[in-house]
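Have a look at model-v9.cif below; it lists mmCIF, C-alpha atoms.
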data_structure
#
loop_
_atom_site.group_PDB
_atom_site.id
_atom_site.type_symbol
_atom_site.label_atom_id
_atom_site.label_comp_id
_atom_site.auth_asym_id
_atom_site.auth_seq_id
_atom_site.Cartn_x
_atom_site.Cartn_y
_atom_site.Cartn_z
ATOM 1 C CA MET A 82 73.014 -104.895 -123.276
ATOM 2 C CA ASP A 83 72.290 -108.387 -124.582
ATOM 3 C CA SER A 84 70.760 -110.659 -121.966
ATOM 4 C CA GLU A 85 72.212 -113.690 -123.753
ATOM 5 C CA GLN A 86 75.716 -112.401 -123.119
ATOM 6 C CA GLN A 87 75.199 -111.016 -119.615
ATOM 7 C CA THR A 88 77.430 -112.799 -117.107
ATOM 8 C CA PRO A 89 75.440 -113.764 -114.000
ATOM 9 C CA PHE A 90 77.915 -112.249 -111.529
ATOM 10 C CA ARG A 91 79.199 -108.691 -111.856
ATOM 11 C CA PRO A 92 81.179 -107.718 -108.736
ATOM 12 C CA PHE A 93 81.187 -104.217 -107.242
ATOM 13 C CA HIS A 94 84.345 -102.099 -106.977
ATOM 14 C CA ASP A 95 83.925 -98.674 -105.354
ATOM 15 C CA PHE A 96 80.681 -97.731 -107.149
ATOM 16 C CA ARG A 97 81.770 -99.207 -110.444
ATOM 17 C CA TRP A 98 80.776 -102.673 -111.604
ATOM 18 C CA ASP A 99 82.419 -105.232 -113.851
ATOM 19 C CA GLU A 100 81.135 -104.957 -117.421
ATOM 20 C CA VAL A 101 79.158 -101.768 -116.722
ATOM 21 C CA ALA A 102 80.202 -98.624 -118.596
ATOM 22 C CA SER A 103 80.191 -95.217 -116.903
ATOM 23 C CA MET A 104 78.413 -92.902 -119.312
ATOM 24 C CA PRO A 105 77.472 -89.252 -119.524
ATOM 25 C CA TYR A 106 74.252 -88.455 -117.668
ATOM 26 C CA LYS A 107 72.778 -86.756 -120.757
ATOM 27 C CA GLU A 108 74.010 -85.206 -123.959
ATOM 28 C CA ASP A 109 75.867 -81.972 -123.195
ATOM 29 C CA GLY A 110 73.712 -78.908 -123.717
ATOM 30 C CA SER A 111 70.438 -80.871 -123.786
ATOM 31 C CA ALA A 112 69.453 -79.696 -120.301
ATOM 32 C CA PRO A 113 71.030 -78.097 -117.202
ATOM 33 C CA PHE A 114 72.946 -80.529 -114.953
ATOM 34 C CA LYS A 115 76.336 -80.704 -113.244
ATOM 35 C CA ALA A 116 78.980 -83.341 -112.479
ATOM 36 C CA ILE A 117 76.789 -86.436 -112.808
ATOM 37 C CA SER A 118 77.416 -89.832 -114.399
ATOM 38 C CA ARG A 119 75.160 -92.759 -115.365
ATOM 39 C CA GLN A 120 75.705 -96.504 -115.222
ATOM 40 C CA VAL A 121 73.041 -98.869 -116.559
ATOM 41 C CA LEU A 122 73.109 -101.887 -114.226
ATOM 42 C CA PHE A 123 70.242 -103.915 -115.689
ATOM 43 C CA ALA A 124 68.404 -103.444 -118.993
ATOM 44 C CA GLU A 125 67.478 -106.974 -120.096
ATOM 45 C CA PRO A 126 64.500 -106.672 -122.471
ATOM 46 C CA GLN A 127 62.565 -109.396 -120.610
ATOM 47 C CA LEU A 128 62.568 -107.265 -117.448
ATOM 48 C CA GLY A 129 60.565 -104.480 -119.093
ATOM 49 C CA CYS A 130 62.395 -102.029 -116.865
ATOM 50 C CA GLU A 131 65.878 -100.739 -116.211
ATOM 51 C CA LEU A 132 67.963 -100.132 -113.130
ATOM 52 C CA ARG A 133 70.434 -97.307 -113.430
ATOM 53 C CA TYR A 134 72.993 -95.864 -110.967
ATOM 54 C CA PHE A 135 73.508 -92.109 -111.077
ATOM 55 C CA GLU A 136 76.273 -90.394 -109.165
ATOM 56 C CA MET A 137 76.986 -86.713 -108.786
ATOM 57 C CA ALA A 138 80.161 -85.232 -107.340
ATOM 58 C CA ALA A 139 79.968 -82.802 -104.403
ATOM 59 C CA GLY A 140 78.090 -79.745 -105.647
ATOM 60 C CA GLY A 141 76.639 -81.660 -108.598
ATOM 61 C CA TYR A 142 72.980 -81.909 -109.506
ATOM 62 C CA SER A 143 70.587 -83.702 -111.816
ATOM 63 C CA THR A 144 68.266 -81.849 -114.190
ATOM 64 C CA LEU A 145 65.206 -80.158 -112.688
ATOM 65 C CA GLU A 146 62.529 -81.839 -114.806
ATOM 66 C CA ARG A 147 59.214 -83.695 -114.936
ATOM 67 C CA HIS A 148 57.684 -86.402 -117.143
ATOM 68 C CA GLU A 149 54.835 -88.858 -117.320
ATOM 69 C CA HIS A 150 56.926 -91.873 -116.312
ATOM 70 C CA VAL A 151 57.540 -92.750 -112.687
ATOM 71 C CA HIS A 152 60.948 -93.033 -110.998
ATOM 72 C CA ALA A 153 61.629 -95.437 -108.129
ATOM 73 C CA VAL A 154 64.811 -94.343 -106.342
ATOM 74 C CA MET A 155 67.003 -95.772 -103.592
ATOM 75 C CA ILE A 156 69.911 -93.670 -102.346
ATOM 76 C CA LEU A 157 73.074 -95.764 -102.360
ATOM 77 C CA ARG A 158 75.931 -93.446 -101.428
ATOM 78 C CA GLY A 159 76.511 -90.153 -99.642
ATOM 79 C CA HIS A 160 74.133 -87.483 -98.534
ATOM 80 C CA GLY A 161 72.354 -84.642 -100.257
ATOM 81 C CA GLN A 162 68.980 -83.128 -100.867
ATOM 82 C CA CYS A 163 66.092 -84.027 -103.103
ATOM 83 C CA LEU A 164 63.169 -81.997 -104.442
ATOM 84 C CA VAL A 165 59.922 -83.842 -105.236
ATOM 85 C CA GLY A 166 56.961 -81.614 -106.074
ATOM 86 C CA ASP A 167 57.099 -78.812 -103.527
ATOM 87 C CA GLU A 168 59.022 -80.762 -100.879
ATOM 88 C CA VAL A 169 62.801 -80.628 -100.256
ATOM 89 C CA ARG A 170 64.243 -83.360 -98.049
ATOM 90 C CA PRO A 171 67.686 -84.518 -96.961
ATOM 91 C CA VAL A 172 68.455 -88.034 -98.194
ATOM 92 C CA ARG A 173 70.918 -90.670 -97.043
ATOM 93 C CA PRO A 174 71.855 -94.225 -98.004
ATOM 94 C CA PHE A 175 68.999 -96.664 -98.539
ATOM 95 C CA ASP A 176 66.258 -94.007 -98.282
ATOM 96 C CA LEU A 177 63.483 -94.541 -100.855
ATOM 97 C CA VAL A 178 62.157 -91.755 -103.091
ATOM 98 C CA THR A 179 59.131 -92.117 -105.378
ATOM 99 C CA ILE A 180 58.813 -89.576 -108.192
ATOM 100 C CA PRO A 181 55.170 -89.580 -109.362
ATOM 101 C CA SER A 182 54.059 -88.644 -112.873
ATOM 102 C CA TRP A 183 54.454 -84.998 -113.916
ATOM 103 C CA THR A 184 56.188 -84.032 -110.667
ATOM 104 C CA TRP A 185 59.145 -81.648 -110.664
ATOM 105 C CA HIS A 186 62.205 -83.308 -109.167
ATOM 106 C CA GLN A 187 65.933 -82.818 -108.739
ATOM 107 C CA PHE A 188 68.776 -84.393 -106.737
ATOM 108 C CA ARG A 189 71.642 -82.304 -105.379
ATOM 109 C CA ALA A 190 74.907 -83.353 -103.699
ATOM 110 C CA THR A 191 74.834 -80.532 -101.171
ATOM 111 C CA GLU A 192 76.822 -82.071 -98.328
ATOM 112 C CA GLY A 193 80.361 -81.779 -99.717
ATOM 113 C CA GLU A 194 80.404 -85.430 -100.796
ATOM 114 C CA PRO A 195 79.176 -87.458 -103.765
ATOM 115 C CA LEU A 196 75.534 -88.514 -103.893
ATOM 116 C CA GLY A 197 74.708 -91.772 -105.666
ATOM 117 C CA PHE A 198 71.347 -93.439 -106.202
ATOM 118 C CA LEU A 199 69.623 -96.299 -107.970
ATOM 119 C CA CYS A 200 66.742 -95.379 -110.261
ATOM 120 C CA MET A 201 64.266 -97.943 -111.600
ATOM 121 C CA VAL A 202 62.201 -96.974 -114.662
ATOM 122 C CA ASN A 203 60.031 -98.629 -117.269
ATOM 123 C CA ALA A 204 61.977 -99.386 -120.428
ATOM 124 C CA LEU A 205 59.418 -97.397 -122.472
ATOM 125 C CA ARG A 206 59.233 -93.841 -121.237
ATOM 126 C CA ASP A 207 58.585 -90.294 -122.357
ATOM 127 C CA ARG A 208 61.119 -87.500 -122.655
ATOM 128 C CA PRO A 209 61.492 -85.144 -119.677
ATOM 129 C CA GLN A 210 60.129 -81.589 -119.766
ATOM 130 C CA LEU A 211 62.140 -78.638 -118.459
ATOM 131 C CA PRO A 212 60.402 -75.849 -116.525
ATOM 132 C CA THR A 213 59.370 -72.710 -118.357
ATOM 133 C CA ALA A 214 60.441 -69.389 -116.871
ATOM 134 C CA ASP A 215 57.001 -69.059 -115.267
ATOM 135 C CA GLU A 216 57.111 -72.580 -113.829
ATOM 136 C CA LEU A 217 60.595 -71.938 -112.431
ATOM 137 C CA ALA A 218 59.440 -68.673 -110.857
ATOM 138 C CA ALA A 219 56.501 -70.481 -109.244
ATOM 139 C CA LEU A 220 58.861 -73.083 -107.766
ATOM 140 C CA GLN A 221 61.281 -70.416 -106.539
ATOM 141 C CA ALA A 222 58.457 -68.562 -104.801
ATOM 142 C CA LYS A 223 58.800 -71.179 -102.056
ATOM 143 C CA PRO A 224 61.802 -70.235 -99.861
ATOM 144 C CA ALA A 225 62.870 -73.855 -99.248
ATOM 145 C CA ILE A 226 62.915 -74.548 -102.973
ATOM 146 C CA ALA A 227 64.729 -71.270 -103.760
ATOM 147 C CA ALA A 228 67.382 -72.249 -101.196
ATOM 148 C CA PHE A 229 67.631 -75.751 -102.653
ATOM 149 C CA LEU A 230 68.044 -74.357 -106.165
ATOM 150 C CA GLY A 231 70.762 -72.027 -104.913
ATOM 151 C CA VAL A 232 68.787 -68.912 -105.703
ATOM 152 C CA SER A 233 69.202 -65.994 -103.291
ATOM 153 C CA GLY A 234 65.815 -65.057 -101.882
ATOM 154 C CA MET B 174 50.431 -100.363 -102.959
ATOM 155 C CA ASP B 175 48.538 -97.422 -104.417
ATOM 156 C CA SER B 176 50.748 -94.995 -106.301
ATOM 157 C CA GLU B 177 48.279 -92.184 -105.522
ATOM 158 C CA GLN B 178 48.868 -92.637 -101.807
ATOM 159 C CA GLN B 179 52.597 -93.362 -101.878
ATOM 160 C CA THR B 180 54.521 -90.679 -99.982
ATOM 161 C CA PRO B 181 57.525 -89.502 -101.987
ATOM 162 C CA PHE B 182 60.036 -89.955 -99.161
ATOM 163 C CA ARG B 183 60.317 -93.198 -97.189
ATOM 164 C CA PRO B 184 63.381 -93.100 -94.927
ATOM 165 C CA PHE B 185 65.538 -96.139 -94.130
ATOM 166 C CA HIS B 186 65.938 -97.507 -90.600
ATOM 167 C CA ASP B 187 68.212 -100.544 -90.233
ATOM 168 C CA PHE B 188 66.920 -102.427 -93.284
ATOM 169 C CA ARG B 189 63.330 -101.477 -92.657
ATOM 170 C CA TRP B 190 61.601 -98.599 -94.408
ATOM 171 C CA ASP B 191 58.766 -96.290 -93.392
ATOM 172 C CA GLU B 192 55.423 -97.542 -94.752
ATOM 173 C CA VAL B 193 56.899 -100.841 -95.998
ATOM 174 C CA ALA B 194 55.593 -104.035 -94.399
ATOM 175 C CA SER B 195 57.918 -106.951 -93.630
ATOM 176 C CA MET B 196 56.140 -110.019 -95.001
ATOM 177 C CA PRO B 197 56.701 -113.746 -95.174
ATOM 178 C CA TYR B 198 58.938 -114.757 -98.081
ATOM 179 C CA LYS B 199 56.379 -117.311 -99.290
ATOM 180 C CA GLU B 200 53.457 -119.221 -97.890
ATOM 181 C CA ASP B 201 54.690 -121.804 -95.370
ATOM 182 C CA GLY B 202 54.954 -125.273 -96.868
ATOM 183 C CA SER B 203 54.760 -124.038 -100.477
ATOM 184 C CA ALA B 204 58.477 -124.626 -101.061
ATOM 185 C CA PRO B 205 61.678 -125.209 -99.061
ATOM 186 C CA PHE B 206 63.253 -122.039 -97.594
ATOM 187 C CA LYS B 207 64.601 -120.863 -94.250
ATOM 188 C CA ALA B 208 64.612 -117.666 -92.191
ATOM 189 C CA ILE B 209 63.877 -115.200 -94.975
ATOM 190 C CA SER B 210 61.618 -112.141 -95.133
ATOM 191 C CA ARG B 211 60.308 -109.969 -97.971
ATOM 192 C CA GLN B 212 59.659 -106.248 -98.216
ATOM 193 C CA VAL B 213 58.120 -104.770 -101.370
ATOM 194 C CA LEU B 214 59.805 -101.382 -101.825
ATOM 195 C CA PHE B 215 58.220 -100.298 -105.110
ATOM 196 C CA ALA B 216 55.230 -101.784 -106.942
ATOM 197 C CA GLU B 217 53.542 -98.822 -108.632
ATOM 198 C CA PRO B 218 51.517 -100.186 -111.565
ATOM 199 C CA GLN B 219 52.969 -97.578 -113.949
ATOM 200 C CA LEU B 220 56.471 -98.948 -113.381
ATOM 201 C CA GLY B 221 55.572 -102.346 -114.824
ATOM 202 C CA CYS B 222 58.082 -103.873 -112.441
ATOM 203 C CA GLU B 223 58.681 -104.299 -108.743
ATOM 204 C CA LEU B 224 61.634 -103.829 -106.458
ATOM 205 C CA ARG B 225 61.692 -106.139 -103.461
ATOM 206 C CA TYR B 226 64.167 -106.499 -100.568
ATOM 207 C CA PHE B 227 64.744 -110.031 -99.292
ATOM 208 C CA GLU B 228 66.721 -110.739 -96.152
ATOM 209 C CA MET B 229 67.743 -114.055 -94.690
ATOM 210 C CA ALA B 230 69.181 -114.560 -91.218
ATOM 211 C CA ALA B 231 72.544 -116.336 -90.773
ATOM 212 C CA GLY B 232 72.064 -119.887 -92.034
ATOM 213 C CA GLY B 233 68.926 -118.947 -93.973
ATOM 214 C CA TYR B 234 68.298 -119.589 -97.636
ATOM 215 C CA SER B 235 65.888 -118.809 -100.449
ATOM 216 C CA THR B 236 64.116 -121.531 -102.417
ATOM 217 C CA LEU B 237 66.163 -123.433 -105.001
ATOM 218 C CA GLU B 238 63.991 -122.788 -108.059
ATOM 219 C CA ARG B 239 63.766 -121.669 -111.676
ATOM 220 C CA HIS B 240 61.211 -119.838 -113.834
ATOM 221 C CA GLU B 241 60.805 -118.062 -117.122
ATOM 222 C CA HIS B 242 61.037 -114.572 -115.673
ATOM 223 C CA VAL B 243 64.355 -112.856 -115.095
ATOM 224 C CA HIS B 244 65.677 -111.568 -111.764
ATOM 225 C CA ALA B 245 67.953 -108.546 -111.468
ATOM 226 C CA VAL B 246 69.651 -108.604 -108.065
ATOM 227 C CA MET B 247 71.882 -106.227 -106.101
ATOM 228 C CA ILE B 248 73.280 -107.423 -102.782
ATOM 229 C CA LEU B 249 72.604 -104.793 -100.119
ATOM 230 C CA ARG B 250 73.729 -106.277 -96.812
ATOM 231 C CA GLY B 251 76.078 -108.945 -95.487
ATOM 232 C CA HIS B 252 77.875 -111.751 -97.216
ATOM 233 C CA GLY B 253 76.875 -115.175 -98.443
ATOM 234 C CA GLN B 254 76.832 -117.416 -101.462
ATOM 235 C CA CYS B 255 74.715 -117.568 -104.557
ATOM 236 C CA LEU B 256 74.040 -120.367 -107.042
ATOM 237 C CA VAL B 257 73.167 -119.409 -110.635
ATOM 238 C CA GLY B 258 73.024 -122.303 -113.107
ATOM 239 C CA ASP B 259 76.063 -124.431 -112.271
ATOM 240 C CA GLU B 260 78.082 -121.636 -110.687
ATOM 241 C CA VAL B 261 78.414 -120.886 -106.962
ATOM 242 C CA ARG B 262 79.930 -117.539 -106.021
ATOM 243 C CA PRO B 263 80.491 -115.532 -102.840
ATOM 244 C CA VAL B 264 78.547 -112.270 -102.876
ATOM 245 C CA ARG B 265 78.974 -109.038 -100.957
ATOM 246 C CA PRO B 266 77.256 -105.637 -100.813
ATOM 247 C CA PHE B 267 76.487 -103.949 -104.133
ATOM 248 C CA ASP B 268 77.478 -106.977 -106.254
ATOM 249 C CA LEU B 269 75.095 -107.542 -109.177
ATOM 250 C CA VAL B 270 73.551 -110.929 -109.977
ATOM 251 C CA THR B 271 71.491 -111.636 -113.107
ATOM 252 C CA ILE B 272 69.254 -114.728 -113.020
ATOM 253 C CA PRO B 273 68.406 -115.663 -116.625
ATOM 254 C CA SER B 274 65.241 -117.524 -117.663
ATOM 255 C CA TRP B 275 64.920 -121.146 -116.563
ATOM 256 C CA THR B 276 68.120 -121.068 -114.531
ATOM 257 C CA TRP B 277 68.351 -122.789 -111.139
ATOM 258 C CA HIS B 278 69.238 -120.281 -108.449
ATOM 259 C CA GLN B 279 69.448 -119.933 -104.695
ATOM 260 C CA PHE B 280 70.856 -117.458 -102.158
ATOM 261 C CA ARG B 281 72.361 -118.622 -98.860
ATOM 262 C CA ALA B 282 73.539 -116.644 -95.816
ATOM 263 C CA THR B 283 76.560 -118.846 -95.193
ATOM 264 C CA GLU B 284 78.884 -116.414 -93.445
ATOM 265 C CA GLY B 285 77.284 -116.271 -90.000
ATOM 266 C CA GLU B 286 75.531 -112.990 -90.762
ATOM 267 C CA PRO B 287 72.333 -111.871 -92.497
ATOM 268 C CA LEU B 288 72.303 -111.600 -96.274
ATOM 269 C CA GLY B 289 70.001 -108.993 -97.826
ATOM 270 C CA PHE B 290 69.439 -108.163 -101.477
ATOM 271 C CA LEU B 291 67.292 -106.113 -103.823
ATOM 272 C CA CYS B 292 65.463 -108.042 -106.550
ATOM 273 C CA MET B 293 63.868 -106.330 -109.558
ATOM 274 C CA VAL B 294 61.235 -108.297 -111.500
ATOM 275 C CA ASN B 295 58.544 -107.679 -114.076
ATOM 276 C CA ALA B 296 55.127 -107.229 -112.445
ATOM 277 C CA LEU B 297 53.734 -110.058 -114.638
ATOM 278 C CA ARG B 298 55.656 -113.240 -114.030
ATOM 279 C CA ASP B 299 55.290 -117.016 -113.984
ATOM 280 C CA ARG B 300 55.326 -119.260 -110.941
ATOM 281 C CA PRO B 301 58.662 -120.822 -109.951
ATOM 282 C CA GLN B 302 59.376 -124.520 -110.555
ATOM 283 C CA LEU B 303 61.054 -126.678 -107.921
ATOM 284 C CA PRO B 304 63.637 -129.293 -108.964
ATOM 285 C CA THR B 305 62.526 -132.893 -109.400
ATOM 286 C CA ALA B 306 64.542 -135.587 -107.589
ATOM 287 C CA ASP B 307 66.469 -136.231 -110.825
ATOM 288 C CA GLU B 308 67.175 -132.538 -111.388
ATOM 289 C CA LEU B 309 68.379 -132.189 -107.801
ATOM 290 C CA ALA B 310 70.643 -135.213 -108.179
ATOM 291 C CA ALA B 311 72.122 -133.724 -111.373
ATOM 292 C CA LEU B 312 72.851 -130.462 -109.542
ATOM 293 C CA GLN B 313 74.378 -132.290 -106.568
ATOM 294 C CA ALA B 314 76.673 -134.275 -108.860
ATOM 295 C CA LYS B 315 78.821 -131.123 -108.963
ATOM 296 C CA PRO B 316 80.882 -130.989 -105.742
ATOM 297 C CA ALA B 317 80.723 -127.178 -105.442
ATOM 298 C CA ILE B 318 76.925 -127.271 -105.685
ATOM 299 C CA ALA B 319 76.654 -130.219 -103.265
ATOM 300 C CA ALA B 320 78.747 -128.250 -100.770
ATOM 301 C CA PHE B 321 76.624 -125.141 -101.310
ATOM 302 C CA LEU B 322 73.426 -127.128 -100.770
ATOM 303 C CA GLY B 323 74.876 -128.576 -97.563
ATOM 304 C CA VAL B 324 74.886 -132.120 -98.883
ATOM 305 C CA SER B 325 77.780 -134.321 -97.790
ATOM 306 C CA GLY B 326 79.624 -135.615 -100.878
#

Could you express the structure from this file as structure tokens?
Amino acid sequence: MDSEQQTPFRPFHDFRWDEVASMPYKEDGSAPFKAISRQVLFAEPQLGCELRYFEMAAGGYSTLERHEHVHAVMILRGHGQCLVGDEVRPVRPFDLVTIPSWTWHQFRATEGEPLGFLCMVNALRDRPQLPTADELAALQAKPAIAAFLGVSG
Amino acid sequence: MDSEQQTPFRPFHDFRWDEVASMPYKEDGSAPFKAISRQVLFAEPQLGCELRYFEMAAGGYSTLERHEHVHAVMILRGHGQCLVGDEVRPVRPFDLVTIPSWTWHQFRATEGEPLGFLCMVNALRDRPQLPTADELAALQAKPAIAAFLGVSG
């Protein structure tokens, strides 16, 4: 996105925006995820950060991952559940979620409707890590997290 | 805001958020503005940027100003009008507005209802400039801007 060419006004139309492309969430096969798209709303170099909109269809989920960089999230659409660290919480529009460094996190559209959220990040950031088998087992040892991940107890 | 003490989940309640203070928009007398409040939603140092929520009551307005730093705005609540450069546009929820460097801008709640918006900025930013009498006259020479500013033509 070139800030010189960015039009000042980009109207909203049903969770799409003028001049904003809907893109794949990640490269297929790079990590587990389901039914989720990505739109980059702001990425002007002068900002030093980006604002993205992610949306998952009912039953969809983001990758269970962690990384050094911090996420600042505002739910924008629908309802679902979110894992941060060892806590699973229901989320609804305009709720704020902070993902600290090196904290396991995942969003799931569990309520039979899409779940969409804004995510602010620094423009320079590290690649996410996926859990090892041992790390996943440790997470699943907590019943609330096992239920969230869809694992039978 | 200390990222070590930030709770991951801060629920929304009618355009207020748990653990987020509603603050004055600016120091009284520092610049012209009316009926506008500020809530800092995210300001973790690691992000390098901040996400603020500004809300003006019906008839309220932000300061007409410009600066080097860039604003990335998403309307969140209500309807109103926005000036960017020499363009005045109606805005409504989830519309995106980009304020480039050194561009005059102002938000106004002109539709008899509050107007609230998210504004993403770099954590390091310059102080805004107010228009000189000559700059204001040049802006008001455009009828759409004079009407927006509430100046009779």

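Matched in the shown structure by the PyMOL selection byres ((chain A) within 6 of (chain B)): Pro89, Phe90, Arg91, Pro92, Phe93, Leu128, Phe175, Asp176, Leu177, Val178, Thr179 and Asn203 of chain A.
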
Selected residues written out, C-alpha atoms, as a CSV table (one decimal), in the coordinates of the input:
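The resulting file, selection-v6.csv, is reproduced below:
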chain,number,residue,atom,x,y,z
A,89,PRO,CA,75.4,-113.8,-114.0
A,90,PHE,CA,77.9,-112.2,-111.5
A,91,ARG,CA,79.2,-108.7,-111.9
A,92,PRO,CA,81.2,-107.7,-108.7
A,93,PHE,CA,81.2,-104.2,-107.2
A,128,LEU,CA,62.6,-107.3,-117.4
A,175,PHE,CA,69.0,-96.7,-98.5
A,176,ASP,CA,66.3,-94.0,-98.3
A,177,LEU,CA,63.5,-94.5,-100.9
A,178,VAL,CA,62.2,-91.8,-103.1
A,179,THR,CA,59.1,-92.1,-105.4
A,203,ASN,CA,60.0,-98.6,-117.3

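Nearest residue to Gln210 (chain A), choosing from A:His160, A:Arg119, A:His186, A:Arg133 and counting all atoms listed in the file: A:His186.
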
For this session: Check which residues satisfy the PyMOL selection byres ((chain A and resi 136-144) around 6) in the file shown, then give them as a list in words.
Result: Pro113, Phe114, Lys115, Ala116, Ile117, Ser118, Phe135, Leu145, Glu146, Gln187, Phe188, Arg189, Ala190, Thr191, Gly193, Glu194, Pro195, Leu196 and Gly197 of chain A

Exercise. When you draw a straight line from CA of Thr276 (chain B) to CA of Ala102 (chain A), how long is it in Å?
Worked result: 25.8 Å

Which residues are close to Thr305 (chain B), i.e. within 12 Å by all atoms listed in the file, leaving aside same-chain residues fewer than 3 positions away? Reply as a PDB file with C-alpha atoms, in the frame of the given file.
ATOM      1  CA  LEU B 237      66.163-123.433-105.001  1.00  0.00           C
ATOM      2  CA  GLU B 238      63.991-122.788-108.059  1.00  0.00           C
ATOM      3  CA  ARG B 239      63.766-121.669-111.676  1.00  0.00           C
ATOM      4  CA  TRP B 277      68.351-122.789-111.139  1.00  0.00           C
ATOM      5  CA  GLN B 302      59.376-124.520-110.555  1.00  0.00           C
ATOM      6  CA  GLU B 308      67.175-132.538-111.388  1.00  0.00           C
ATOM      7  CA  LEU B 309      68.379-132.189-107.801  1.00  0.00           C
ATOM      8  CA  ALA B 310      70.643-135.213-108.179  1.00  0.00           C
ATOM      9  CA  ALA B 311      72.122-133.724-111.373  1.00  0.00           C
ATOM     10  CA  LEU B 312      72.851-130.462-109.542  1.00  0.00           C
TER      11      LEU B 312
END

Exercise. So how far away is CA of Arg208 (chain A) from CA of Gly231 (chain A), in Å?
Worked result: 25.4 Å

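Note that CA of Ser195 (chain B) and CA of Leu291 (chain B) are 13.9 Å apart.
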
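With all atoms listed in the file as the basis for measurement, A:His148 is the residue among A:His148, A:Arg158, A:Lys107, A:Lys223 that approaches Leu211 (chain A) most closely.
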
Centre, x/y/z edge lengths, axis-aligned box for region 137-149 of chain A with 4 Å per side, as lines of an AutoDock Vina configuration file:
center_x = 67.5
center_y = -84.3
center_z = -110.9
size_x = 33.3
size_y = 17.1
size_z = 20.9
